[in-house]
Amino acid sequence: MSAARRSPLVIVLTGDGKGKTTSAFGQALRAAGAGLRVAVLQFIKGSWQTGEVRALQRSGLPIQVERAGRGFTIEGLRDPRIPLSEHATAARAGLARAHELVSSGEVDLVVLDEIFGALAAELISEADVHGLLDARHPTVHLVLTGRGAPDSVIGRADLVSEVRLVKHPYERGVQAQRGIEF
């Protein structure tokens with residue numbers, strides 16, 4: 001679809017349930033299949049190898065995936081060998097890269113995965129997220145994911161989906177499984 005016919009959207013995927021990243025990757029796949037240029041920038045995820053990223057590497061699809069995090073920041077999941085200062089530095093670099101992606105118009109869809117996780121960990125600010133929205137090129141679709149999307153961002157979004165946790169096998173002691181949870 002030509003840029004003149006597009007109505008670029010801001011899409012927010014939030015909530016306490018599983019599936020926000022998977023949904024965002026599904027959107028990236030759909031966009032690439034329609035011929036759009038796609039970039040995914042992942043905050044928080046670190047070097048963790050996920051099924052989505054591995055599948056894209058094998059597929060040869062023109063979806064660029066970059067990491068802008070050093071790993072989980074939630075206590076209990078955070079690697080204590082990585083100082084919080086390293087998480088903050090990585091998030092700031094990721095924020096700069098996000099600005100490049102959303103403002104250049106070189107890609108048609110930008111996914112900022114777990115940006116709200118970086119916000120919750122106080123690695124970036126709500127003003128930083130609004131700065132990205134303000135800097136968005138008029139032809140760029142933007143997908144933002146993570147728990148706890150601020151009301152101010154929800155108010156500026158065109159489409160908001162909330163993934164709600166109803167039941168999770170972790171509650172029964174079942175650990176995360178490769179290919180299902182990651």
# chains A, B, ... in the order shown; residues from 1 in each chain; ligands from 1

call {"tool": "residues_around", "arguments": {"residues": "Val166 of chain A", "least_positions_apart": "3", "cutoff": "10 Å", "atoms": "only C-alpha atoms", "output": "number ranges by chain"}}
result
A: 16-18, 163

call {"tool": "write_last_selection", "arguments": {"atoms": "N, CA and C atoms", "output": "JSON list (two decimals), in the first residue's frame"}}
result
[["chain", "number", "residue", "atom", "x", "y", "z"],
["A", 16, "ASP", "N", -1.52, -7.72, 32.02],
["A", 16, "ASP", "CA", -0.72, -8.63, 32.84],
["A", 16, "ASP", "C", -0.67, -10.05, 32.29],
["A", 17, "GLY", "N", -1.29, -10.28, 31.13],
["A", 17, "GLY", "CA", -1.30, -11.62, 30.55],
["A", 17, "GLY", "C", -0.14, -11.88, 29.61],
["A", 18, "LYS", "N", 0.01, -13.14, 29.23],
["A", 18, "LYS", "CA", 1.06, -13.54, 28.29],
["A", 18, "LYS", "C", 0.57, -13.30, 26.88],
["A", 163, "VAL", "N", -4.05, -7.57, 27.25],
["A", 163, "VAL", "CA", -3.95, -9.01, 27.42],
["A", 163, "VAL", "C", -4.09, -9.28, 28.91]]

call {"tool": "residues_around", "arguments": {"residues": "Pro138 of chain A", "least_positions_apart": "2", "cutoff": "9 Å", "atoms": "only C-alpha atoms", "output": "number ranges by chain"}}
result
A: 7-8, 103, 105, 136, 140-141

call {"tool": "write_last_selection", "arguments": {"atoms": "N, CA, C and O atoms", "output": "mmCIF file, in the first residue's frame"}}
result
data_model
loop_
_atom_site.group_PDB
_atom_site.id
_atom_site.type_symbol
_atom_site.label_atom_id
_atom_site.label_comp_id
_atom_site.auth_asym_id
_atom_site.auth_seq_id
_atom_site.Cartn_x
_atom_site.Cartn_y
_atom_site.Cartn_z
ATOM 1 N N SER A 7 -2.803 5.163 6.860
ATOM 2 C CA SER A 7 -3.107 5.989 8.025
ATOM 3 C C SER A 7 -2.324 5.397 9.183
ATOM 4 O O SER A 7 -2.821 4.528 9.901
ATOM 5 N N PRO A 8 -1.079 5.803 9.344
ATOM 6 C CA PRO A 8 -0.227 5.195 10.362
ATOM 7 C C PRO A 8 -0.843 5.266 11.759
ATOM 8 O O PRO A 8 -1.397 6.288 12.161
ATOM 9 N N SER A 103 11.546 8.178 13.639
ATOM 10 C CA SER A 103 11.556 9.501 13.001
ATOM 11 C C SER A 103 12.076 9.496 11.568
ATOM 12 O O SER A 103 11.794 10.419 10.803
ATOM 13 N N GLY A 105 11.498 7.429 8.906
ATOM 14 C CA GLY A 105 10.638 7.033 7.805
ATOM 15 C C GLY A 105 11.258 5.944 6.944
ATOM 16 O O GLY A 105 10.701 5.581 5.908
ATOM 17 N N ARG A 136 7.538 10.686 15.847
ATOM 18 C CA ARG A 136 7.142 9.682 14.844
ATOM 19 C C ARG A 136 6.925 10.328 13.484
ATOM 20 O O ARG A 136 6.204 11.297 13.337
ATOM 21 N N VAL A 140 4.887 6.261 9.670
ATOM 22 C CA VAL A 140 5.335 5.111 10.462
ATOM 23 C C VAL A 140 4.250 4.636 11.426
ATOM 24 O O VAL A 140 3.739 5.411 12.235
ATOM 25 N N HIS A 141 3.931 3.335 11.318
ATOM 26 C CA HIS A 141 3.086 2.670 12.315
ATOM 27 C C HIS A 141 3.991 2.339 13.503
ATOM 28 O O HIS A 141 5.154 1.958 13.321
#

call {"tool": "closest_residue", "arguments": {"among": "A:Ala34, A:Val111, A:Val174, A:Leu119", "to": "Leu13 of chain A", "atoms": "only C-alpha atoms"}}
result
A:Val111

call {"tool": "residues_around", "arguments": {"residues": "Ala135 of chain A", "least_positions_apart": "3", "cutoff": "7 Å", "atoms": "only C-alpha atoms", "output": "list of chain:residue names"}}
result
A:His99, A:Val102, A:Ser103, A:Gly131, A:Leu132

call {"tool": "residues_around", "arguments": {"residues": "Thr139 of chain A", "least_positions_apart": "4", "cutoff": "9 Å", "atoms": "only C-alpha atoms", "output": "number ranges by chain"}}
result
A: 3-4, 6-9, 105, 107-109

call {"tool": "residues_around", "arguments": {"residues": "Val12 of chain A", "least_positions_apart": "2", "cutoff": "6 Å", "atoms": "only C-alpha atoms", "output": "list in words"}}
result
Val143, Leu144, Thr145 and Val160 of chain A

call {"tool": "write_last_selection", "arguments": {"atoms": "N, CA, C and O atoms", "output": "PDB file, in the first residue's frame"}}
result
ATOM      1  N   VAL A 143       4.147   0.206  17.274  1.00  0.00           N
ATOM      2  CA  VAL A 143       3.572  -0.730  18.235  1.00  0.00           C
ATOM      3  C   VAL A 143       4.411  -0.659  19.506  1.00  0.00           C
ATOM      4  O   VAL A 143       5.637  -0.801  19.456  1.00  0.00           O
ATOM      5  N   LEU A 144       3.753  -0.443  20.638  1.00  0.00           N
ATOM      6  CA  LEU A 144       4.408  -0.361  21.944  1.00  0.00           C
ATOM      7  C   LEU A 144       3.860  -1.479  22.821  1.00  0.00           C
ATOM      8  O   LEU A 144       2.634  -1.629  22.921  1.00  0.00           O
ATOM      9  N   THR A 145       4.746  -2.250  23.463  1.00  0.00           N
ATOM     10  CA  THR A 145       4.266  -3.354  24.294  1.00  0.00           C
ATOM     11  C   THR A 145       4.793  -3.270  25.714  1.00  0.00           C
ATOM     12  O   THR A 145       5.786  -2.597  25.993  1.00  0.00           O
ATOM     13  N   VAL A 160      -5.698   0.052  21.257  1.00  0.00           N
ATOM     14  CA  VAL A 160      -5.148  -0.471  22.508  1.00  0.00           C
ATOM     15  C   VAL A 160      -5.778  -1.828  22.762  1.00  0.00           C
ATOM     16  O   VAL A 160      -7.005  -1.954  22.765  1.00  0.00           O
TER      17      VAL A 160
END

call {"tool": "atom_distance", "arguments": {"atom1": "atom CA of Val110 of chain A", "atom2": "atom CA of Leu159 of chain A"}}
result
14.8 Å

call {"tool": "atom_distance", "arguments": {"atom1": "atom CA of Val10 of chain A", "atom2": "atom CA of Gly35 of chain A"}}
result
19.0 Å
